[in-house]
$ cat structure-v2.txt   # compact mmCIF, C-alpha atoms and all ligand atoms
# COMPACT_ATOMS: atom_id res chain seq x y z
CA MET X 1 45.80 140.31 154.44
CA SER X 2 49.24 141.79 155.00
CA GLY X 3 52.02 139.49 156.23
CA GLY X 4 50.03 136.43 155.19
CA ALA X 5 53.15 134.38 154.47
CA GLY X 6 54.32 134.73 158.06
CA TYR X 7 53.76 132.49 161.04
CA ILE X 8 50.41 133.74 162.32
CA GLY X 9 49.15 134.98 158.94
CA SER X 10 49.66 131.62 157.21
CA HIS X 11 47.52 129.84 159.83
CA THR X 12 44.89 132.57 159.70
CA VAL X 13 44.52 132.34 155.90
CA ILE X 14 43.42 128.73 156.30
CA ARG X 15 40.82 129.61 158.94
CA LEU X 16 39.46 132.50 156.90
CA VAL X 17 39.08 130.40 153.76
CA ALA X 18 37.37 127.67 155.80
CA ALA X 19 34.94 130.33 157.09
CA GLY X 20 34.08 131.33 153.51
CA HIS X 21 36.24 134.44 153.06
CA ASP X 22 38.18 135.21 149.86
CA VAL X 23 41.73 136.08 150.86
CA VAL X 24 44.40 138.10 149.06
CA VAL X 25 47.87 138.21 150.61
CA VAL X 26 50.55 140.89 150.46
CA ASP X 27 53.96 139.95 151.82
CA SER X 28 57.47 141.23 151.14
CA PHE X 29 58.95 137.89 152.29
CA ALA X 30 61.26 139.92 154.53
CA ASN X 31 60.77 137.29 157.24
CA SER X 32 59.14 134.37 155.43
CA LYS X 33 59.72 132.08 152.46
CA PRO X 34 57.68 131.71 149.28
CA ALA X 35 57.51 127.94 149.90
CA VAL X 36 54.80 128.54 152.50
CA VAL X 37 52.38 129.53 149.74
CA GLY X 38 52.26 126.05 148.19
CA ARG X 39 51.75 124.53 151.66
CA ILE X 40 48.81 126.84 152.33
CA GLU X 41 47.36 126.05 148.90
CA SER X 42 47.51 122.30 149.64
CA LEU X 43 45.62 122.86 152.89
CA ILE X 44 42.93 125.10 151.38
CA GLY X 45 42.64 122.96 148.23
CA GLY X 46 42.95 125.90 145.85
CA GLU X 47 45.03 128.82 144.72
CA LEU X 48 46.00 131.72 146.96
CA GLU X 49 46.46 135.16 145.40
CA VAL X 50 49.77 136.52 146.69
CA HIS X 51 51.33 139.91 145.91
CA ALA X 52 55.04 140.08 146.72
CA PHE X 53 55.85 143.68 147.62
CA ASP X 54 56.76 145.85 150.55
CA LEU X 55 53.84 147.80 152.01
CA THR X 56 56.08 150.78 152.63
CA ASP X 57 55.88 151.20 148.84
CA LYS X 58 52.91 153.57 148.72
CA ASP X 59 52.35 153.28 144.97
CA LYS X 60 52.14 149.49 144.98
CA THR X 61 49.87 149.50 148.04
CA GLU X 62 47.64 152.11 146.45
CA HIS X 63 47.53 150.18 143.19
CA LEU X 64 46.44 146.93 144.87
CA LEU X 65 43.70 148.58 146.93
CA ALA X 66 42.46 150.31 143.77
CA SER X 67 42.45 147.08 141.75
CA MET X 68 39.55 145.33 143.52
CA PRO X 69 37.10 145.98 146.35
CA PHE X 70 38.27 144.75 149.76
CA ASP X 71 35.84 144.42 152.68
CA ALA X 72 38.55 144.31 155.34
CA VAL X 73 42.28 144.10 155.97
CA ILE X 74 44.02 141.99 158.58
CA HIS X 75 47.38 143.64 159.09
CA PHE X 76 50.03 141.17 160.28
CA ALA X 77 52.97 142.67 158.37
CA GLY X 78 55.71 143.97 160.60
CA LEU X 79 59.15 143.22 161.97
CA LYS X 80 58.92 141.55 165.37
CA ALA X 81 62.31 140.71 166.92
CA VAL X 82 62.68 142.63 170.17
CA GLY X 83 66.50 142.43 170.36
CA GLU X 84 66.94 143.38 166.71
CA SER X 85 64.65 146.37 167.23
CA VAL X 86 67.03 147.69 169.90
CA GLU X 87 69.94 147.37 167.44
CA GLN X 88 68.03 148.75 164.43
CA PRO X 89 65.41 151.15 165.78
CA LEU X 90 65.03 153.20 162.61
CA GLU X 91 64.40 150.11 160.48
CA TYR X 92 61.70 148.99 162.92
CA TYR X 93 59.98 152.36 163.18
CA GLU X 94 60.18 152.85 159.44
CA ASN X 95 58.93 149.40 158.45
CA ASN X 96 56.16 149.02 161.01
CA LEU X 97 54.87 152.59 160.95
CA GLU X 98 55.29 153.38 157.24
CA SER X 99 53.63 150.13 156.17
CA THR X 100 50.65 150.97 158.38
CA PHE X 101 50.41 154.55 157.10
CA SER X 102 50.58 153.40 153.50
CA LEU X 103 47.94 150.72 154.07
CA VAL X 104 45.50 152.92 156.00
CA ARG X 105 45.80 155.75 153.48
CA ALA X 106 45.04 153.41 150.58
CA MET X 107 42.18 151.72 152.48
CA ARG X 108 40.49 155.05 153.17
CA ARG X 109 40.95 156.26 149.63
CA HIS X 110 39.32 153.12 148.25
CA GLY X 111 36.48 152.68 150.71
CA CYS X 112 37.83 149.81 152.80
CA GLY X 113 36.84 150.58 156.39
CA LEU X 114 37.64 147.52 158.52
CA LEU X 115 41.12 146.91 159.88
CA VAL X 116 42.23 144.15 162.25
CA PHE X 117 45.66 144.95 163.67
CA SER X 118 48.26 142.63 165.25
CA SER X 119 49.13 144.30 168.50
CA SER X 120 50.88 142.63 171.40
CA ALA X 121 50.75 142.05 175.14
CA THR X 122 54.02 143.96 175.21
CA VAL X 123 51.99 147.24 175.13
CA TYR X 124 50.99 146.71 178.78
CA GLY X 125 54.56 147.47 179.91
CA PRO X 126 56.18 146.58 183.22
CA ASP X 127 53.68 148.18 185.63
CA ALA X 128 50.31 146.79 184.55
CA PRO X 129 48.62 144.60 187.20
CA LEU X 130 48.06 140.92 186.42
CA PRO X 131 46.15 139.58 184.66
CA TYR X 132 46.37 142.17 181.90
CA ARG X 133 43.04 143.84 181.10
CA GLU X 134 42.27 145.75 177.93
CA ASP X 135 41.22 148.91 179.79
CA TYR X 136 44.67 149.39 181.37
CA GLU X 137 46.45 152.65 180.61
CA PRO X 138 48.89 154.14 179.92
CA LEU X 139 50.42 151.86 177.33
CA VAL X 140 54.19 151.89 177.77
CA ALA X 141 56.46 149.53 175.91
CA THR X 142 60.10 149.07 176.86
CA ASN X 143 61.76 148.52 173.48
CA PRO X 144 61.47 149.95 169.94
CA TYR X 145 59.47 146.96 168.65
CA GLY X 146 56.91 147.37 171.42
CA ARG X 147 56.82 151.11 170.92
CA THR X 148 55.84 150.60 167.28
CA LYS X 149 52.81 148.65 168.56
CA VAL X 150 51.88 151.36 171.08
CA MET X 151 52.29 154.07 168.42
CA ILE X 152 50.27 152.21 165.82
CA GLU X 153 47.46 151.60 168.32
CA HIS X 154 47.32 155.39 168.90
CA VAL X 155 47.46 156.17 165.18
CA LEU X 156 44.61 153.80 164.41
CA ARG X 157 42.47 155.16 167.25
CA ASP X 158 43.07 158.69 165.99
CA VAL X 159 42.04 157.77 162.46
CA ALA X 160 38.89 155.97 163.65
CA HIS X 161 38.09 159.03 165.76
CA ILE X 162 37.87 161.33 162.75
CA ASP X 163 36.56 158.88 160.14
CA GLU X 164 33.16 157.39 160.81
CA SER X 165 33.61 154.86 158.01
CA PHE X 166 36.77 153.40 159.59
CA LYS X 167 36.68 150.72 162.30
CA VAL X 168 39.63 149.00 163.89
CA ALA X 169 40.17 145.93 166.05
CA LEU X 170 43.34 145.97 168.15
CA LEU X 171 44.23 142.37 168.95
CA ARG X 172 46.78 141.98 171.71
CA TYR X 173 48.37 138.57 171.32
CA PHE X 174 50.11 136.87 174.21
CA ASN X 175 52.72 134.20 173.31
CA PRO X 176 51.71 132.43 170.07
CA VAL X 177 53.16 128.92 169.70
CA GLY X 178 52.31 125.59 168.06
CA ALA X 179 51.59 124.80 164.43
CA HIS X 180 48.90 123.54 162.09
CA PRO X 181 47.98 119.96 163.11
CA SER X 182 49.00 118.70 159.64
CA GLY X 183 52.63 119.54 160.48
CA THR X 184 53.02 121.21 157.06
CA ILE X 185 53.04 124.85 158.20
CA GLY X 186 54.55 126.32 161.35
CA GLU X 187 56.97 128.83 162.78
CA ASP X 188 60.20 129.10 160.79
CA PRO X 189 62.53 131.58 162.48
CA GLN X 190 65.56 132.69 160.49
CA GLY X 191 68.85 132.14 162.34
CA ILE X 192 68.99 131.50 166.07
CA PRO X 193 65.45 131.59 167.49
CA ASN X 194 64.73 134.44 169.92
CA ASN X 195 61.63 132.82 171.35
CA LEU X 196 61.37 129.88 173.72
CA LEU X 197 59.25 127.37 171.82
CA PRO X 198 61.17 127.36 168.52
CA PHE X 199 64.43 127.11 170.45
CA VAL X 200 63.16 124.14 172.48
CA ALA X 201 61.89 122.49 169.26
CA GLN X 202 65.31 122.91 167.63
CA VAL X 203 67.00 121.34 170.67
CA ALA X 204 64.57 118.40 170.48
CA VAL X 205 65.29 117.84 166.79
CA GLY X 206 69.07 118.04 167.33
CA ARG X 207 69.78 121.40 165.64
CA ARG X 208 70.92 122.94 168.95
CA GLU X 209 72.72 121.31 171.85
CA LYS X 210 70.86 122.76 174.82
CA LEU X 211 68.52 125.48 175.95
CA ALA X 212 69.66 128.40 178.09
CA VAL X 213 66.88 129.13 180.61
CA PHE X 214 67.04 132.85 181.29
CA GLY X 215 66.78 133.15 185.06
CA GLY X 216 65.87 130.67 187.80
CA ASP X 217 65.41 133.17 190.61
CA TYR X 218 62.16 134.90 189.67
CA PRO X 219 59.42 135.17 192.31
CA THR X 220 57.38 132.38 190.68
CA ALA X 221 56.53 128.83 191.83
CA ASP X 222 59.59 127.25 190.19
CA GLY X 223 61.75 130.38 189.81
CA THR X 224 61.40 130.63 186.01
CA CYS X 225 59.30 133.17 184.08
CA GLU X 226 55.63 132.49 183.38
CA ARG X 227 53.88 133.35 180.11
CA ASP X 228 50.46 132.92 178.54
CA TYR X 229 51.25 130.60 175.61
CA ILE X 230 48.46 130.39 173.07
CA HIS X 231 48.11 127.92 170.21
CA VAL X 232 48.40 129.65 166.83
CA GLU X 233 45.29 127.75 165.71
CA ASP X 234 43.27 129.31 168.54
CA LEU X 235 44.75 132.68 167.63
CA ALA X 236 43.76 132.23 163.98
CA ALA X 237 40.19 131.42 165.04
CA GLY X 238 40.23 134.58 167.19
CA HIS X 239 40.86 136.68 164.06
CA VAL X 240 37.85 135.23 162.27
CA ALA X 241 35.70 135.97 165.33
CA ALA X 242 37.13 139.50 165.68
CA LEU X 243 36.50 140.30 162.03
CA THR X 244 32.85 139.26 162.32
CA ALA X 245 32.38 141.21 165.56
CA LEU X 246 34.08 144.32 164.18
CA ALA X 247 31.90 144.34 161.07
CA ALA X 248 28.79 144.31 163.29
CA SER X 249 30.15 146.71 165.90
CA PRO X 250 28.61 150.14 166.44
CA GLU X 251 31.86 151.21 168.14
CA ARG X 252 34.74 152.18 165.90
CA VAL X 253 37.61 150.91 168.07
CA ARG X 254 37.58 147.54 169.79
CA THR X 255 40.45 146.02 171.78
CA TRP X 256 40.69 142.34 172.61
CA ASN X 257 43.34 140.28 174.40
CA LEU X 258 43.94 136.98 172.67
CA GLY X 259 45.39 134.70 175.33
CA THR X 260 44.36 131.67 177.35
CA GLY X 261 44.33 133.35 180.76
CA THR X 262 46.71 130.69 182.11
CA PRO X 263 50.41 131.18 182.89
CA THR X 264 52.97 128.43 182.23
CA SER X 265 56.60 128.50 183.40
CA VAL X 266 59.68 127.84 181.27
CA LEU X 267 60.32 124.58 183.13
CA GLU X 268 56.70 123.50 182.53
CA VAL X 269 57.15 124.19 178.80
CA ILE X 270 60.30 122.06 178.77
CA ALA X 271 58.49 119.20 180.52
CA ALA X 272 55.53 119.44 178.11
CA PHE X 273 57.84 119.39 175.09
CA GLU X 274 59.67 116.35 176.46
CA ARG X 275 56.32 114.54 176.78
CA ALA X 276 55.27 115.59 173.27
CA SER X 277 58.52 114.65 171.55
CA GLY X 278 59.60 111.74 173.70
CA ARG X 279 63.05 113.33 173.72
CA PRO X 280 65.06 114.92 176.51
CA ILE X 281 65.55 118.72 176.35
CA PRO X 282 68.93 119.44 177.92
CA TYR X 283 68.96 122.86 179.56
CA GLU X 284 71.03 125.09 181.79
CA ILE X 285 69.75 127.89 183.99
CA VAL X 286 71.71 131.07 183.20
CA GLY X 287 71.31 134.75 184.09
CA ARG X 288 68.14 136.73 183.44
CA ARG X 289 67.56 138.23 179.98
CA ALA X 290 67.38 142.03 180.04
CA GLY X 291 63.82 143.31 179.81
CA ASP X 292 62.04 140.06 180.78
CA LEU X 293 59.10 140.33 183.19
CA ALA X 294 58.59 137.57 185.77
CA GLN X 295 54.99 136.86 184.76
CA THR X 296 52.53 137.94 182.08
CA TRP X 297 49.10 136.57 181.35
CA ALA X 298 45.80 137.73 179.93
CA ASP X 299 42.44 138.42 181.38
CA ALA X 300 40.73 136.64 178.49
CA SER X 301 37.18 137.40 179.60
CA ARG X 302 36.41 140.30 177.23
CA ALA X 303 37.08 138.18 174.14
CA ALA X 304 34.99 135.37 175.62
CA ASP X 305 32.07 137.70 176.37
CA GLU X 306 32.16 139.81 173.22
CA LEU X 307 33.54 137.43 170.58
CA GLY X 308 32.27 134.14 171.95
CA TRP X 309 35.86 133.02 171.45
CA ARG X 310 38.11 131.25 173.88
CA ALA X 311 41.33 129.30 173.52
CA THR X 312 40.73 125.55 173.47
CA LYS X 313 44.18 124.01 173.24
CA SER X 314 46.47 123.00 176.12
CA ILE X 315 50.21 123.42 176.43
CA ASP X 316 50.48 119.68 175.57
CA ASP X 317 48.53 120.29 172.32
CA MET X 318 50.80 123.26 171.53
CA CYS X 319 53.95 121.20 172.03
CA ALA X 320 52.59 118.17 170.14
CA ASP X 321 51.76 120.30 167.09
CA ALA X 322 55.03 122.28 167.29
CA TRP X 323 56.90 118.96 167.43
CA ARG X 324 55.02 117.52 164.43
CA TRP X 325 55.99 120.60 162.38
CA GLN X 326 59.61 120.60 163.63
CA SER X 327 60.19 116.87 163.17
CA GLN X 328 58.64 116.85 159.66
CA ASN X 329 60.54 120.04 158.66
CA PRO X 330 63.74 120.05 160.72
CA LEU X 331 65.21 122.92 158.69
CA GLY X 332 61.92 124.79 158.24
CA TYR X 333 60.63 125.66 154.78
CA PRO X 334 62.90 124.94 151.79
CA ASP X 335 64.54 127.97 150.14
CA ALA X 336 63.25 127.43 146.63
P1 LIG E 401 56.20 136.86 160.93
O1 LIG E 401 57.48 137.59 160.84
O2 LIG E 401 56.23 135.38 160.80
O3 LIG E 401 55.14 137.43 159.86
C1 LIG E 401 55.12 138.77 159.46
C2 LIG E 401 55.12 138.79 157.94
O4 LIG E 401 55.09 140.16 157.52
C3 LIG E 401 56.37 138.16 157.33
O5 LIG E 401 55.97 137.20 156.36
C4 LIG E 401 57.12 139.34 156.68
O6 LIG E 401 57.78 138.94 155.51
C5 LIG E 401 55.98 140.31 156.42
N1 LIG E 401 56.36 141.72 156.38
C6 LIG E 401 57.09 142.42 157.30
N2 LIG E 401 57.20 143.70 156.93
C7 LIG E 401 56.53 143.84 155.75
C8 LIG E 401 56.27 144.94 154.88
N3 LIG E 401 56.74 146.16 155.12
N4 LIG E 401 55.52 144.70 153.77
C9 LIG E 401 55.03 143.47 153.50
N5 LIG E 401 55.25 142.40 154.29
C10 LIG E 401 55.99 142.59 155.40
O7 LIG E 401 55.52 137.28 162.32
P2 LIG E 401 54.26 136.66 163.07
O8 LIG E 401 54.76 135.95 164.27
O9 LIG E 401 53.39 135.94 162.11
O10 LIG E 401 53.59 137.98 163.58
C11 LIG E 401 52.56 138.64 162.85
C12 LIG E 401 52.23 139.94 163.54
O11 LIG E 401 51.84 139.68 164.88
C13 LIG E 401 53.40 140.93 163.62
O12 LIG E 401 52.89 142.24 163.43
C14 LIG E 401 53.89 140.76 165.04
O13 LIG E 401 54.51 141.92 165.52
C15 LIG E 401 52.60 140.46 165.78
N6 LIG E 401 52.82 139.70 167.01
C16 LIG E 401 53.52 138.55 166.98
C17 LIG E 401 53.75 137.85 168.15
C18 LIG E 401 54.60 136.60 168.15
O14 LIG E 401 55.13 136.27 169.19
N7 LIG E 401 54.72 135.88 167.05
C19 LIG E 401 53.21 138.31 169.36
C20 LIG E 401 52.47 139.49 169.36
C21 LIG E 401 52.27 140.18 168.17
C1 LIG E 402 59.38 133.33 176.86
C2 LIG E 402 60.09 132.94 178.15
C3 LIG E 402 62.26 133.94 178.43
C4 LIG E 402 64.22 131.95 175.08
C5 LIG E 402 58.24 137.88 173.11
C6 LIG E 402 58.16 139.37 172.88
C7 LIG E 402 56.73 139.81 172.95
C8 LIG E 402 55.84 138.98 172.02
C9 LIG E 402 56.02 137.51 172.22
C10 LIG E 402 55.63 140.06 169.91
C11 LIG E 402 60.79 134.11 178.82
C12 LIG E 402 62.37 132.45 178.30
C13 LIG E 402 63.28 132.36 176.01
C14 LIG E 402 65.32 131.15 175.51
C15 LIG E 402 64.43 131.23 177.76
N1 LIG E 402 56.17 139.20 170.64
N2 LIG E 402 63.39 132.01 177.33
N3 LIG E 402 65.38 130.82 176.85
O1 LIG E 402 59.78 137.38 175.81
O2 LIG E 402 57.53 136.49 176.60
O3 LIG E 402 57.71 137.61 174.41
O4 LIG E 402 57.43 137.19 172.14
O5 LIG E 402 54.86 140.92 170.19
O6 LIG E 402 56.73 141.16 172.59
O7 LIG E 402 58.93 140.03 173.86
O8 LIG E 402 58.69 135.38 174.67
O9 LIG E 402 59.47 133.22 173.80
O10 LIG E 402 61.12 135.13 173.98
O11 LIG E 402 60.28 134.06 176.05
O12 LIG E 402 64.55 130.90 178.96
O13 LIG E 402 66.20 130.78 174.75
O14 LIG E 402 61.12 132.00 177.82
O15 LIG E 402 63.14 134.42 179.42
O16 LIG E 402 60.66 133.92 180.19
P1 LIG E 402 58.50 136.76 175.49
P2 LIG E 402 59.94 134.42 174.53

$ encode --input "structure-v2.txt" --output "structure tokens" --more "lines below"
Ligand code: NAD
Ligand code: WQD
Amino acid sequence: MSGGAGYIGSHTVIRLVAAGHDVVVVDSFANSKPAVVGRIESLIGGELEVHAFDLTDKDKTEHLLASMPFDAVIHFAGLKAVGESVEQPLEYYENNLESTFSLVRAMRRHGCGLLVFSSSATVYGPDAPLPYREDYEPLVATNPYGRTKVMIEHVLRDVAHIDESFKVALLRYFNPVGAHPSGTIGEDPQGIPNNLLPFVAQVAVGRREKLAVFGGDYPTADGTCERDYIHVEDLAAGHVAALTALAASPERVRTWNLGTGTPTSVLEVIAAFERASGRPIPYEIVGRRAGDLAQTWADASRAADELGWRATKSIDDMCADAWRWQSQNPLGYPDA
């Protein structure tokens, strides 16, 4: 697994081990801390093999793939901050594309033919009809981060097209939130959080004074944007299901939305977090954030039909688990 020390990867390791898989992690720790490894090990009750290197290093990637037989790779590694990608486009293209090239080259050379890739609902772009369906085209992202996802989807399709021993699952996540129910692993953004849930959690725990709600004049029921928030535990279970389905699939490219199919507004998230934490979340409605769409949510029926997977957790569950993580680890993972 690449990026296994990150937010979604760390939760997915636990699910994979529980399902009987042996997991090896590669992570550069560019956006995560080594302390997560011990937390994962406590939850799985054993050691986790972790290789700390950057996947853009072709020699190290090649060496690892040559060192033991891998049945499959789940590729979470990538930089993901939309605003930062606008400021640093080359770093985003280089990191996200080069790491994928290096990984796919080494996989093919060493006979590993199953790849599960972390794509994003952002590939649907501003014009796709709601709810988003996997067969929509053309994919058009509106920022460099999103364009790396669109480009990588095309690259992986092209490789699967010419290589009959290579199969790929493109998983388009909606808005992953929440944490492991133990409260020992969760989302640990560095600096000021870009995303809604971690910001709300930091307001609740007293690290930030109030939330700025970006726009109150959208054409939605309460005027704030609506998103398809999905519990990271449900998402992790979706990867296990996708891996099994891909291995059995006669088709070489499969695309699945991983969302709940239900939109929730910013004000509804605030209310749910207040219920979960028992604390007020002071907020102020400010101007819209550039690039935000009024509403996005998944048509989750293909994953239900083909994977037998559906999200099970409510927005209240998501907030309760995010709060348990945030209140037990107000400053996130320790540095050492
Ligand atoms: P994350 O930043 O917590 O995890 C990504 C991990 O990859 C980090 O631990 C980072 O150190 C590592 N990494 C980055 N570049 C690397 C490289 N070149 N070599 C080795 N390791 C590298 O992010 P996440 O939220 O867990 O997201 C995982 C994946 O899912 C990403 O590809 C992201 O774009 C995608 N995704 C995330 C969201 C979301 O909102 N969290 C939504 C849709 C898609
Ligand atoms: C959710 C809602 C904001 C922060 C992003 C990426 C997307 C995907 C998931 C990776 C929006 C509002 C937010 C705040 C706010 N990532 N908000 N105040 O923008 O739907 O998706 O993460 O693939 O590509 O763009 O998620 O959590 O940033 O925002 O009012 O301080 O909360 O306007 O309506 P988004 P988000």

$ axis_aligned_box --input "structure-v2.txt" --around "ligand LIG 401 (chain E)" --padding-each-side "4 Å" --output "AutoDock Vina command-line options"
--center_x 54.8 --center_y 140.8 --center_z 161.4 --size_x 13.9 --size_y 18.8 --size_z 23.9

$ closest_residue --input "structure-v2.txt" --among "X:Val232, X:Ala294, X:Ala77, X:Ala320" --to "ligand LIG 401 (chain E)" --atoms "all atoms listed in the file"
X:Ala77

$ residues_around --input "structure-v2.txt" --residues "region 269-272 of chain X" --least-positions-apart "6" --cutoff "8 Å" --atoms "all atoms listed in the file" --output "PyMOL selection string"
chain X and resi 197+200+281+315-316+319

$ residues_around --input "structure-v2.txt" --residues "region 46-61 of chain X" --least-positions-apart "4" --cutoff "7 Å" --atoms "all atoms listed in the file" --output "PyMOL selection string"
chain X and resi 24-28+41-42+65+95+98-99+102-103+106

$ atom_distance --input "structure-v2.txt" --atom1 "atom O2 of ligand LIG 401 (chain E)" --atom2 "CA of Met1 (chain X)"
13.2 Å

$ atom_distance --input "structure-v2.txt" --atom1 "CA of Phe174 (chain X)" --atom2 "CA of Ala160 (chain X)"
24.5 Å

$ residues_around --input "structure-v2.txt" --residues "Thr264 (chain X)" --least-positions-apart "2" --cutoff "9 Å" --atoms "all atoms listed in the file" --output "mmCIF file with C-alpha atoms, keeping the file's coordinate frame"
data_model
loop_
_atom_site.group_PDB
_atom_site.id
_atom_site.type_symbol
_atom_site.label_atom_id
_atom_site.label_comp_id
_atom_site.auth_asym_id
_atom_site.auth_seq_id
_atom_site.Cartn_x
_atom_site.Cartn_y
_atom_site.Cartn_z
ATOM 1 C CA CYS X 225 59.300 133.170 184.080
ATOM 2 C CA GLU X 226 55.630 132.490 183.380
ATOM 3 C CA ARG X 227 53.880 133.350 180.110
ATOM 4 C CA ASP X 228 50.460 132.920 178.540
ATOM 5 C CA TYR X 229 51.250 130.600 175.610
ATOM 6 C CA THR X 262 46.710 130.690 182.110
ATOM 7 C CA VAL X 266 59.680 127.840 181.270
ATOM 8 C CA LEU X 267 60.320 124.580 183.130
ATOM 9 C CA GLU X 268 56.700 123.500 182.530
ATOM 10 C CA VAL X 269 57.150 124.190 178.800
ATOM 11 C CA ILE X 315 50.210 123.420 176.430
#

$ atom_distance --input "structure-v2.txt" --atom1 "CA of Ile44 (chain X)" --atom2 "CA of Pro334 (chain X)"
20.0 Å

$ closest_residue --input "structure-v2.txt" --among "X:Thr260, X:Asn329, X:Ser314, X:Ser119" --to "Ala300 (chain X)" --atoms "only C-alpha atoms"
X:Thr260

$ residues_around --input "structure-v2.txt" --residues "region 149-151 of chain X" --least-positions-apart "5" --cutoff "8 Å" --atoms "all atoms listed in the file" --output "ChimeraX atom specification"
/X:119-120,123,139-141

$ decode --input "structure-v2.txt" --residues "region 119-140 of chain X" --atoms "C-alpha atoms" --output "short mmCIF file (atom, residue, chain, number, x, y, z; two decimals), in the first residue's frame"
data_model
loop_
_atom_site.label_atom_id
_atom_site.label_comp_id
_atom_site.auth_asym_id
_atom_site.auth_seq_id
_atom_site.Cartn_x
_atom_site.Cartn_y
_atom_site.Cartn_z
CA SER X 119 -9.37 9.07 -7.41
CA SER X 120 -11.82 11.76 -6.40
CA ALA X 121 -15.28 13.15 -7.05
CA THR X 122 -13.44 16.26 -8.20
CA VAL X 123 -12.92 14.57 -11.62
CA TYR X 124 -16.61 15.15 -12.46
CA GLY X 125 -15.98 18.90 -12.81
CA PRO X 126 -18.56 21.68 -12.68
CA ASP X 127 -20.95 20.50 -15.42
CA ALA X 128 -21.77 16.91 -14.47
CA PRO X 129 -25.45 16.34 -13.59
CA LEU X 130 -26.33 15.30 -10.04
CA PRO X 131 -26.02 12.76 -8.63
CA TYR X 132 -22.62 11.97 -10.14
CA ARG X 133 -22.54 8.71 -12.11
CA GLU X 134 -19.41 6.81 -13.06
CA ASP X 135 -20.24 6.80 -16.78
CA TYR X 136 -20.16 10.62 -17.03
CA GLU X 137 -17.66 12.11 -19.47
CA PRO X 138 -15.64 14.14 -20.15
CA LEU X 139 -13.69 14.32 -16.92
CA VAL X 140 -12.68 17.94 -16.33
#
